[in-house]
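Novice: The structure under discussion is supplied below as structure tokens; questions concerning it will follow.
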Amino acid sequence: MAAEQFFPCCLTIAGSDSGGNAGVQADLRAFHSYGVHGCTVFAALTAQNPFGVAAIHQVPVDFIASQLDAVLGIYNIAALKTGMLADTAIIECVGEKLSKRREIAKVIDPVMVATSGAKLISDSAVSALKSELFPLATVITPNLPEAEVLAGSPIANREDAREAAKRIFGEYGCSVLVKGGHALDESTAVDTLYDGENFHDFALPKLDNPVSTHGTGCSLAAALAAELALGRDLRNAVEGAKLYVYNAIKNSYLVGKNCGVLGWVKQ
């Protein structure tokens with residue numbers, strides 16, 4: 001008798017965006033675009049829209065643990081991604097649960113510093129990310145300010161981005177995708193992957209005046225998880241995820257006055 005074949009699933013452990021642009025909602029949109037089933041663990045609830053976050057309700061740690069227990073080991077989760085995990089207790093809880101699931105590919109989006117440079121979580125939470133989640137990661141996806149913090153050095157050009165990725169790999173032993181190359185080049189957006197052996201640059205033209213870019217970081221990590229769940233190797237998975245986000249930006253549209261959302265992209 002042939003072994004049972006299960007539909008691939010992806011898990012997002014992140015916050016909810018009431019406007020549907022980012023967070024869990026963006027992750028599910030990416031999962032569904034790739035044709036994989038999406039499971040969710042809500043780590044926070046937000047009242048937000050493209051113009052800002054009005055309020056945050058933190059989910060109790062014991063309920064986060066219950067959500068993880070409800071899906072891990074039950075669903076055929078091939079890959080997962082984490083988003084913003086607000087404090088040390090949450091990160092430790094997630095790390096403890098995920099440490100027992102080594103077979104799942106893990107995309108850790110270290111939501112620590114906004115692209116504006118604003119700090120998003122406490123120093124103790126950053127330390128917990130480093131100790132609890134980075135060692136479990138298949139790949140981490142810092143933006144430029146986050147990569148600067150993790151590498152301990154400024155990034156002014158593409159060579160700096162490569163050196164930062166190499167330093168981060170040396171410290172935590174996980175592959176690193178440094179995002180945000182658009183800030184280093186006027187005409188193209190270049191992200192840099194270091195897998196411990198080789199550097200890979202992924203370049204696409206910059207899109208001028210898009211309707212929306214809200215949720216691109218979440219969407220990239222979720223698309224990368226979906227690519228890995230479907231059996232792509234890391235290099236090809238990053239290439240596919242970056243193209244997914246590019247097309248989502250290209251196809252973004254208005255859903256209210258001056259209010260846009262990333263476009264839905266069928267993979």
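Just so we're on the same page: first chain in the structure tokens is A, next is B, and so on; residues restart at 1 for each chain, and ligands are numbered from 1 in the order they show up.
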So which residues of stretch 54-229 of chain A fall under alpha helix (DSSP H) by DSSP, listed as a VMD selection string?

Specialist: chain A and resid 61 to 71 88 to 98 123 to 128 144 to 151 158 to 172 216 to 229

Novice: Give me, as a PDB file with N, CA and C atoms, in the first residue's frame, all polymer residues having an atom no more than 8 Å from stretch 52-66 of chain A, counting only C-alpha atoms and skipping those fewer than 2 positions away in the same chain.

Specialist:
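Just written: part.pdb:
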```pdb
ATOM      1  N   VAL A  41      -0.339  31.208  13.736  1.00  0.00           N
ATOM      2  CA  VAL A  41      -0.198  31.431  15.169  1.00  0.00           C
ATOM      3  C   VAL A  41      -0.106  32.940  15.350  1.00  0.00           C
ATOM      4  N   PHE A  42      -1.116  33.525  15.992  1.00  0.00           N
ATOM      5  CA  PHE A  42      -1.151  34.972  16.193  1.00  0.00           C
ATOM      6  C   PHE A  42      -0.333  35.340  17.433  1.00  0.00           C
ATOM      7  N   ALA A  43       0.680  36.180  17.246  1.00  0.00           N
ATOM      8  CA  ALA A  43       1.520  36.627  18.353  1.00  0.00           C
ATOM      9  C   ALA A  43       1.122  38.009  18.853  1.00  0.00           C
ATOM     10  N   ALA A  44       0.330  38.733  18.041  1.00  0.00           N
ATOM     11  CA  ALA A  44      -0.148  40.061  18.433  1.00  0.00           C
ATOM     12  C   ALA A  44      -1.323  40.434  17.543  1.00  0.00           C
ATOM     13  N   LEU A  45      -2.183  41.312  18.039  1.00  0.00           N
ATOM     14  CA  LEU A  45      -3.271  41.877  17.252  1.00  0.00           C
ATOM     15  C   LEU A  45      -3.026  43.374  17.138  1.00  0.00           C
ATOM     16  N   THR A  46      -3.209  43.914  15.951  1.00  0.00           N
ATOM     17  CA  THR A  46      -2.975  45.352  15.781  1.00  0.00           C
ATOM     18  C   THR A  46      -4.189  46.029  15.182  1.00  0.00           C
ATOM     19  N   ALA A  47      -4.342  47.297  15.529  1.00  0.00           N
ATOM     20  CA  ALA A  47      -5.309  48.178  14.874  1.00  0.00           C
ATOM     21  C   ALA A  47      -4.486  49.085  13.972  1.00  0.00           C
ATOM     22  N   GLN A  48      -4.485  48.785  12.680  1.00  0.00           N
ATOM     23  CA  GLN A  48      -3.617  49.544  11.790  1.00  0.00           C
ATOM     24  C   GLN A  48      -4.174  49.643  10.382  1.00  0.00           C
ATOM     25  N   ASN A  49      -3.583  50.576   9.644  1.00  0.00           N
ATOM     26  CA  ASN A  49      -3.849  50.756   8.224  1.00  0.00           C
ATOM     27  C   ASN A  49      -2.544  51.243   7.599  1.00  0.00           C
ATOM     28  N   PRO A  50      -2.510  51.535   6.298  1.00  0.00           N
ATOM     29  CA  PRO A  50      -1.234  51.937   5.697  1.00  0.00           C
ATOM     30  C   PRO A  50      -0.628  53.211   6.276  1.00  0.00           C
ATOM     31  N   LEU A  68       0.549  26.931  18.923  1.00  0.00           N
ATOM     32  CA  LEU A  68       1.637  26.133  18.358  1.00  0.00           C
ATOM     33  C   LEU A  68       1.367  24.640  18.550  1.00  0.00           C
ATOM     34  N   ASP A  69       0.933  24.274  19.741  1.00  0.00           N
ATOM     35  CA  ASP A  69       0.632  22.858  20.013  1.00  0.00           C
ATOM     36  C   ASP A  69      -0.502  22.354  19.127  1.00  0.00           C
ATOM     37  N   ALA A  70      -1.426  23.230  18.783  1.00  0.00           N
ATOM     38  CA  ALA A  70      -2.585  22.815  17.995  1.00  0.00           C
ATOM     39  C   ALA A  70      -2.231  22.482  16.551  1.00  0.00           C
ATOM     40  N   ALA A  86       7.112  40.226  19.951  1.00  0.00           N
ATOM     41  CA  ALA A  86       7.291  41.494  20.658  1.00  0.00           C
ATOM     42  C   ALA A  86       8.192  41.446  21.879  1.00  0.00           C
ATOM     43  N   ALA A  89       9.658  36.712  26.398  1.00  0.00           N
ATOM     44  CA  ALA A  89       8.884  35.526  26.775  1.00  0.00           C
ATOM     45  C   ALA A  89       8.276  34.859  25.548  1.00  0.00           C
ATOM     46  N   ILE A  90       7.759  35.659  24.613  1.00  0.00           N
ATOM     47  CA  ILE A  90       7.178  35.099  23.387  1.00  0.00           C
ATOM     48  C   ILE A  90       8.253  34.406  22.565  1.00  0.00           C
ATOM     49  N   CYS A  93       9.230  31.129  24.116  1.00  0.00           N
ATOM     50  CA  CYS A  93       8.171  30.142  23.911  1.00  0.00           C
ATOM     51  C   CYS A  93       8.242  29.565  22.503  1.00  0.00           C
ATOM     52  N   VAL A  94       8.329  30.446  21.506  1.00  0.00           N
ATOM     53  CA  VAL A  94       8.390  29.995  20.121  1.00  0.00           C
ATOM     54  C   VAL A  94       9.653  29.160  19.883  1.00  0.00           C
ATOM     55  N   LYS A  97       9.325  25.585  21.310  1.00  0.00           N
ATOM     56  CA  LYS A  97       8.467  24.715  20.497  1.00  0.00           C
ATOM     57  C   LYS A  97       9.140  24.336  19.178  1.00  0.00           C
TER      58      LYS A  97
END
```

Novice: Identify all residues of stretch 127-262 of chain A in strand (DSSP E) (DSSP on the backbone) and supply them as number ranges by chain.

Specialist: A: 139-140, 175-178, 188-194, 199-205, 253-256, 259-261

Novice: Of the residues A:Ile108, A:Tyr194, A:Asp87, A:Pro142, which is the one nearest to A:Val126, using only C-alpha atoms?

Specialist: A:Asp87

Novice: Would you pick out the contacts of A:Leu204 at 9 Å or less, using only C-alpha atoms, so that residues sharing its chain but fewer than 5 positions from it are not included, and give the list as a list in words?

Specialist: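 Contacts, in chain order: Ser187, Thr188, Ala189, Val190, Lys242, Leu243 and Tyr246 of chain A.
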
Novice: Go ahead and dump the residues you just picked, C-alpha atoms, as a compact mmCIF listing (two decimals), in the first residue's frame.

Specialist:
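As a result, part.txt now contains:
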```txt
# COMPACT_ATOMS: atom_id res chain seq x y z
CA SER A 187 18.16 51.89 -10.48
CA THR A 188 17.92 48.34 -9.12
CA ALA A 189 16.87 46.56 -5.94
CA VAL A 190 19.56 44.05 -4.97
CA LYS A 242 11.83 38.17 -4.71
CA LEU A 243 10.00 37.92 -8.05
CA TYR A 246 8.22 42.48 -7.29
```

Novice: How close does stretch 45-77 of chain A get to stretch 27-39 of chain A? List, as a Markdown table, each residue of stretch 45-77 of chain A within 9 Å, its nearest atom pair and the distance in Å to one decimal, counting only C-alpha atoms.

Specialist:
```
| residue | atom | partner | partner_atom | distance |
| --- | --- | --- | --- | --- |
| A:Val71 | CA | A:Cys39 | CA | 7.2 |
| A:Tyr75 | CA | A:Cys39 | CA | 8.3 |
| A:Ile77 | CA | A:Cys39 | CA | 8.3 |
```

Novice: Between A:Leu150, A:Ile104, A:Leu144, A:Leu207, which has the minimum distance to A:Ser252 (counting only C-alpha atoms)?

Specialist: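 Answer, going by the shortest atom-to-atom distance: A:Leu207.
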
Novice: Could you give me, as a VMD selection string, the residues within 12 Å of A:Gly180, counting only C-alpha atoms and dropping anything in the same chain fewer than 5 positions from it?

Specialist: chain A and resid 114 to 116 141 to 148 155 to 158 161 185 to 186 188 to 193 201 to 204 206 216 to 217 220 242

Novice: Given only C-alpha atoms as the basis, pick out the residue of A:Asp233, A:Asp195, A:Glu92, A:Glu163 nearest to A:Ser124.

Specialist: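 Comparing A:Asp233, A:Asp195, A:Glu92, A:Glu163 against A:Ser124, the winner is A:Glu92.
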
Novice: For a quick check of understanding, using only C-alpha atoms, which of A:Ala248, A:Asn198, A:Lys179, A:Arg101 has the smallest distance to A:Thr213?

Specialist: A:Ala248

Novice: Please indicate the distance in Å from atom CA of A:Asp123 to atom CA of A:Leu11, rounded to one decimal place.

Specialist: 26.5 Å

Novice: Using only C-alpha atoms, which of A:Ala105, A:Leu133, A:Ala79, A:Cys218 sits nearest A:Pro8?

Specialist: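 Nearest to A:Pro8: A:Ala79.
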
Novice: Using Å and a single decimal, report how far atom CA of A:Ala164 sits from atom CA of A:Ala151.

Specialist: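 Spanning atom CA of A:Ala151 to atom CA of A:Ala164 is a straight-line distance of 5.2 Å.
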
Novice: Identify, on the basis of only C-alpha atoms, every residue whose closest approach to A:His214 does not exceed 8 Å; exclude the query and any residue fewer than 5 positions from it along the same chain; express the result as a PDB file with N, CA and C atoms, in the first residue's frame.

Specialist:
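Below you can see selection-v5.pdb, which holds the result:
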```pdb
ATOM      1  N   ASN A  21      -2.916  44.401   5.008  1.00  0.00           N
ATOM      2  CA  ASN A  21      -1.759  44.676   4.158  1.00  0.00           C
ATOM      3  C   ASN A  21      -0.533  43.848   4.511  1.00  0.00           C
ATOM      4  N   ALA A  22      -0.303  43.655   5.797  1.00  0.00           N
ATOM      5  CA  ALA A  22       0.939  43.049   6.264  1.00  0.00           C
ATOM      6  C   ALA A  22       0.628  41.901   7.226  1.00  0.00           C
ATOM      7  N   PRO A  50      -2.510  51.535   6.298  1.00  0.00           N
ATOM      8  CA  PRO A  50      -1.234  51.937   5.697  1.00  0.00           C
ATOM      9  C   PRO A  50      -0.628  53.211   6.276  1.00  0.00           C
ATOM     10  N   VAL A 261      -2.880  48.459  -1.577  1.00  0.00           N
ATOM     11  CA  VAL A 261      -2.533  47.129  -1.072  1.00  0.00           C
ATOM     12  C   VAL A 261      -1.751  46.396  -2.161  1.00  0.00           C
ATOM     13  N   LEU A 262      -0.858  45.510  -1.747  1.00  0.00           N
ATOM     14  CA  LEU A 262      -0.103  44.721  -2.710  1.00  0.00           C
ATOM     15  C   LEU A 262      -1.055  43.869  -3.538  1.00  0.00           C
TER      16      LEU A 262
END
```
